[in-house]
$ cat data_0.cif   # mmCIF, C-alpha atoms and all ligand atoms
data_input
#
loop_
_atom_site.group_PDB
_atom_site.id
_atom_site.type_symbol
_atom_site.label_atom_id
_atom_site.label_comp_id
_atom_site.auth_asym_id
_atom_site.auth_seq_id
_atom_site.Cartn_x
_atom_site.Cartn_y
_atom_site.Cartn_z
ATOM 1 C CA MET A 37 12.484 -20.494 -54.700
ATOM 2 C CA ARG A 38 11.859 -17.123 -53.147
ATOM 3 C CA THR A 39 8.274 -16.220 -52.326
ATOM 4 C CA LYS A 40 6.949 -12.745 -52.657
ATOM 5 C CA GLU A 41 6.215 -11.070 -49.327
ATOM 6 C CA PRO A 42 2.836 -9.452 -48.822
ATOM 7 C CA ILE A 43 2.673 -5.827 -49.856
ATOM 8 C CA GLU A 44 1.537 -4.637 -46.377
ATOM 9 C CA ASP A 45 4.846 -5.729 -44.862
ATOM 10 C CA TYR A 46 6.609 -2.990 -46.801
ATOM 11 C CA GLN A 47 6.684 0.662 -46.132
ATOM 12 C CA VAL A 48 8.047 3.183 -48.581
ATOM 13 C CA GLU A 49 9.215 6.517 -47.288
ATOM 14 C CA GLN A 50 10.279 9.443 -49.380
ATOM 15 C CA GLY A 51 12.945 11.746 -48.004
ATOM 16 C CA LEU A 52 13.234 15.482 -48.579
ATOM 17 C CA ASP A 53 15.766 14.913 -51.302
ATOM 18 C CA GLY A 54 13.326 12.743 -53.208
ATOM 19 C CA THR A 55 15.020 9.455 -52.386
ATOM 20 C CA THR A 56 12.926 6.557 -51.176
ATOM 21 C CA ALA A 57 13.673 3.867 -48.640
ATOM 22 C CA GLU A 58 11.961 0.573 -48.137
ATOM 23 C CA HIS A 59 11.643 -1.002 -44.714
ATOM 24 C CA ALA A 60 10.438 -4.500 -44.256
ATOM 25 C CA GLY A 61 7.593 -4.675 -41.712
ATOM 26 C CA PHE A 62 9.251 -2.770 -38.840
ATOM 27 C CA GLY A 63 9.295 0.931 -39.732
ATOM 28 C CA ARG A 64 11.222 3.720 -38.056
ATOM 29 C CA ARG A 65 8.083 5.257 -36.601
ATOM 30 C CA LYS A 66 7.045 1.944 -35.127
ATOM 31 C CA PHE A 67 10.506 1.482 -33.616
ATOM 32 C CA ILE A 68 10.511 4.970 -32.079
ATOM 33 C CA SER A 69 7.012 4.590 -30.658
ATOM 34 C CA LEU A 70 7.980 1.229 -29.150
ATOM 35 C CA CYS A 71 11.081 2.818 -27.585
ATOM 36 C CA LEU A 72 9.065 5.708 -26.204
ATOM 37 C CA GLY A 73 6.467 3.288 -24.857
ATOM 38 C CA GLY A 74 9.196 1.259 -23.152
ATOM 39 C CA VAL A 75 10.806 4.350 -21.636
ATOM 40 C CA GLY A 76 7.390 5.552 -20.481
ATOM 41 C CA ALA A 77 6.588 2.209 -18.897
ATOM 42 C CA LEU A 78 9.958 2.170 -17.117
ATOM 43 C CA ALA A 79 9.484 5.715 -15.845
ATOM 44 C CA LEU A 80 5.977 4.924 -14.650
ATOM 45 C CA SER A 81 7.033 1.773 -12.800
ATOM 46 C CA GLY A 82 9.994 3.602 -11.206
ATOM 47 C CA PHE A 83 7.717 6.420 -10.134
ATOM 48 C CA ALA A 84 5.216 3.963 -8.682
ATOM 49 C CA ALA A 85 7.963 2.068 -6.830
ATOM 50 C CA VAL A 86 9.071 5.266 -5.082
ATOM 51 C CA VAL A 87 5.760 7.013 -4.546
ATOM 52 C CA TYR A 88 3.594 4.067 -3.536
ATOM 53 C CA PRO A 89 5.449 3.265 -0.248
ATOM 54 C CA LEU A 90 5.454 6.969 0.638
ATOM 55 C CA PHE A 91 1.746 7.195 -0.079
ATOM 56 C CA ARG A 92 1.070 4.165 2.090
ATOM 57 C CA TYR A 93 3.288 5.542 4.830
ATOM 58 C CA TYR A 94 1.175 8.621 5.163
ATOM 59 C CA LEU A 95 -2.117 6.805 4.674
ATOM 60 C CA VAL A 96 -3.367 6.916 8.235
ATOM 61 C CA PRO A 97 -6.958 5.856 8.645
ATOM 62 C CA HIS A 98 -8.792 8.875 9.975
ATOM 63 C CA SER A 99 -11.062 8.879 12.953
ATOM 64 C CA THR A 100 -13.688 11.412 13.861
ATOM 65 C CA GLN A 101 -11.816 12.244 17.058
ATOM 66 C CA SER A 102 -8.648 14.303 17.039
ATOM 67 C CA SER A 103 -5.413 13.586 18.826
ATOM 68 C CA ALA A 104 -5.995 13.522 22.564
ATOM 69 C CA ALA A 105 -4.562 12.146 25.786
ATOM 70 C CA THR A 106 -7.487 9.730 25.978
ATOM 71 C CA PHE A 107 -9.717 8.152 23.401
ATOM 72 C CA GLN A 108 -13.170 6.879 24.242
ATOM 73 C CA ILE A 109 -15.573 4.791 22.248
ATOM 74 C CA PRO A 110 -18.686 2.791 23.175
ATOM 75 C CA LEU A 111 -17.840 -0.885 23.320
ATOM 76 C CA ASN A 112 -20.794 -1.651 21.054
ATOM 77 C CA ASP A 113 -19.255 0.518 18.305
ATOM 78 C CA LEU A 114 -16.453 -2.004 17.982
ATOM 79 C CA VAL A 115 -17.403 -4.749 15.565
ATOM 80 C CA PRO A 116 -15.812 -8.141 16.239
ATOM 81 C CA GLY A 117 -13.029 -8.762 13.727
ATOM 82 C CA GLU A 118 -12.807 -5.114 12.658
ATOM 83 C CA ALA A 119 -10.159 -2.584 13.626
ATOM 84 C CA LYS A 120 -10.834 1.006 14.607
ATOM 85 C CA PHE A 121 -7.938 3.351 13.883
ATOM 86 C CA PHE A 122 -7.622 6.623 15.730
ATOM 87 C CA GLU A 123 -5.047 9.201 16.721
ATOM 88 C CA PHE A 124 -3.692 8.961 20.214
ATOM 89 C CA ASN A 125 -1.145 11.423 21.621
ATOM 90 C CA GLY A 126 -0.305 12.535 18.099
ATOM 91 C CA SER A 127 0.311 9.045 16.840
ATOM 92 C CA ALA A 128 -1.684 6.402 14.998
ATOM 93 C CA ALA A 129 -3.328 3.791 17.207
ATOM 94 C CA VAL A 130 -5.827 1.017 16.756
ATOM 95 C CA LEU A 131 -8.527 -0.640 18.807
ATOM 96 C CA LEU A 132 -9.540 -4.127 17.906
ATOM 97 C CA LYS A 133 -12.365 -6.266 19.180
ATOM 98 C CA LYS A 134 -11.247 -9.763 18.386
ATOM 99 C CA GLN A 135 -13.615 -12.515 17.249
ATOM 100 C CA ASP A 136 -13.741 -13.856 20.829
ATOM 101 C CA GLY A 137 -14.945 -10.457 22.091
ATOM 102 C CA SER A 138 -11.730 -9.445 23.819
ATOM 103 C CA VAL A 139 -10.392 -5.943 23.142
ATOM 104 C CA VAL A 140 -6.833 -4.973 22.189
ATOM 105 C CA ALA A 141 -5.410 -1.435 22.043
ATOM 106 C CA LEU A 142 -2.179 -1.058 20.096
ATOM 107 C CA SER A 143 0.051 1.544 18.584
ATOM 108 C CA ALA A 144 -0.408 1.389 14.802
ATOM 109 C CA VAL A 145 3.159 2.539 14.259
ATOM 110 C CA CYS A 146 5.422 -0.213 12.987
ATOM 111 C CA PRO A 147 8.481 -0.646 15.255
ATOM 112 C CA HIS A 148 10.701 -1.230 12.228
ATOM 113 C CA LEU A 149 10.825 2.170 10.528
ATOM 114 C CA GLY A 150 7.611 3.793 11.677
ATOM 115 C CA CYS A 151 5.109 3.088 8.910
ATOM 116 C CA ILE A 152 1.455 2.751 9.782
ATOM 117 C CA VAL A 153 0.158 -0.799 9.862
ATOM 118 C CA GLN A 154 -3.072 -1.868 8.217
ATOM 119 C CA TRP A 155 -5.643 -4.323 9.461
ATOM 120 C CA GLU A 156 -6.225 -7.242 7.126
ATOM 121 C CA GLN A 157 -9.714 -8.242 8.071
ATOM 122 C CA ASN A 158 -9.802 -11.343 5.888
ATOM 123 C CA LYS A 159 -6.627 -12.683 7.523
ATOM 124 C CA GLN A 160 -7.213 -11.130 10.954
ATOM 125 C CA ASP A 161 -3.686 -9.764 11.138
ATOM 126 C CA PHE A 162 -1.834 -6.489 10.750
ATOM 127 C CA LEU A 163 0.329 -5.759 7.730
ATOM 128 C CA CYS A 164 2.976 -3.094 7.540
ATOM 129 C CA PRO A 165 2.944 -2.197 3.847
ATOM 130 C CA CYS A 166 6.401 -0.654 3.790
ATOM 131 C CA HIS A 167 8.451 -3.838 4.148
ATOM 132 C CA ALA A 168 5.805 -6.540 4.507
ATOM 133 C CA GLY A 169 5.936 -6.888 8.277
ATOM 134 C CA TYR A 170 3.103 -9.008 9.667
ATOM 135 C CA PHE A 171 1.688 -8.924 13.186
ATOM 136 C CA THR A 172 -0.953 -10.981 14.942
ATOM 137 C CA ALA A 173 -4.159 -9.375 16.190
ATOM 138 C CA ASP A 174 -2.372 -9.003 19.553
ATOM 139 C CA GLY A 175 0.532 -7.182 17.899
ATOM 140 C CA ALA A 176 3.115 -9.987 18.045
ATOM 141 C CA VAL A 177 5.497 -10.213 15.101
ATOM 142 C CA ILE A 178 4.626 -12.996 12.668
ATOM 143 C CA SER A 179 7.220 -12.255 9.985
ATOM 144 C CA GLY A 180 9.225 -9.529 8.321
ATOM 145 C CA PRO A 181 11.768 -7.028 9.612
ATOM 146 C CA PRO A 182 9.947 -5.555 12.653
ATOM 147 C CA PRO A 183 12.258 -6.109 15.646
ATOM 148 C CA ARG A 184 9.503 -6.163 18.267
ATOM 149 C CA PRO A 185 5.704 -6.316 18.645
ATOM 150 C CA LEU A 186 3.356 -3.378 18.210
ATOM 151 C CA ALA A 187 3.306 -1.394 21.445
ATOM 152 C CA LYS A 188 0.313 -2.126 23.665
ATOM 153 C CA LEU A 189 -1.688 0.871 24.871
ATOM 154 C CA PRO A 190 -3.319 1.012 28.298
ATOM 155 C CA PHE A 191 -7.109 0.920 28.210
ATOM 156 C CA SER A 192 -10.092 0.193 30.422
ATOM 157 C CA VAL A 193 -13.713 -0.729 29.903
ATOM 158 C CA ALA A 194 -16.299 0.782 32.236
ATOM 159 C CA ASN A 195 -20.036 1.333 31.739
ATOM 160 C CA ASN A 196 -19.728 -0.094 28.253
ATOM 161 C CA ILE A 197 -17.186 2.602 27.292
ATOM 162 C CA VAL A 198 -13.663 1.767 26.180
ATOM 163 C CA THR A 199 -11.139 4.368 27.294
ATOM 164 C CA VAL A 200 -7.617 4.303 25.898
ATOM 165 C CA GLY A 201 -5.016 6.196 27.911
HETATM 166 S S1 LIG B 1 8.424 -0.049 8.570
HETATM 167 FE FE1 LIG B 1 7.145 -1.710 8.986
HETATM 168 S S2 LIG B 1 8.163 -3.379 8.194
HETATM 169 FE FE2 LIG B 1 9.479 -1.744 7.798
#

$ encode --input "data_0.cif" --output "structure tokens"
Amino acid sequence: MRTKEPIEDYQVEQGLDGTTAEHAGFGRRKFISLCLGGVGALALSGFAAVVYPLFRYYLVPHSTQSSAATFQIPLNDLVPGEAKFFEFNGSAAVLLKKQDGSVVALSAVCPHLGCIVQWEQNKQDFLCPCHAGYFTADGAVISGPPPRPLAKLPFSVANNIVTVG
């Protein structure tokens, strides 16, 4: 025995010529809006997949000092476990006071394709967001495509001032 379907599952449309059409549950408008939503979601995800790596590539943490042949900072301004990014000779660089108090000065430019690495404070390592390259706090490659460690920069500590370069 056939049961009667609820009235809200039906939609009746009247065309310009006066004819009517019944559509069970899934109307034309609903179908078109679902298609448009799907196309929009695809376009948005494609856009994000292209733009996000570019955005991250150019996302260089800014320092208050401009590009120079040397970079100086009081040792006490370096917080253990935190990285201080700066520009050095026109390129991104980073100073890090490790948890044991030792200081590391590195280029922040990934040796794979040149993206700028980020410091992951919770993991105490560097991440290159472009292709998921990971480096230790000393710049050694942990995993990913980088072919060599982050370049070490020369630095000295005198009178409680760290000088890079
Ligand atoms: S540019 Fe850094 S992993 Fe590719």

$ closest_residue --input "data_0.cif" --among "A:Ala119, A:Leu132, A:Ala194, A:Val145" --to "ligand LIG 1 (chain B)" --atoms "only C-alpha atoms and all ligand atoms"
A:Val145

$ resolve_selection --input "data_0.cif" --expression "the PyMOL selection byres (((chain A and resi 155-169) around 10) and not hetatm)" --output "ChimeraX atom specification"
/A:88-93,117-121,130,132,134-135,144-154,170-183,186

$ resolve_selection --input "data_0.cif" --expression "the PyMOL selection byres (((chain A and resi 113) around 10) and not hetatm)" --output "VMD selection string"
chain A and resid 109 to 112 114 to 116 120 133 196 to 198

$ atom_distance --input "data_0.cif" --atom1 "atom FE2 of ligand LIG 1 (chain B)" --atom2 "atom CA of Thr106 of chain A"
27.4 Å

$ resolve_selection --input "data_0.cif" --expression "the PyMOL selection byres (((chain A and resi 200) around 7) and not hetatm)" --output "VMD selection string"
chain A and resid 106 to 108 189 to 192 198 to 199 201

$ axis_aligned_box --input "data_0.cif" --around "ligand LIG 1 (chain B)" --padding-each-side "5 Å" --output "AutoDock Vina command-line options"
--center_x 8.3 --center_y -1.7 --center_z 8.4 --size_x 12.3 --size_y 13.3 --size_z 11.2
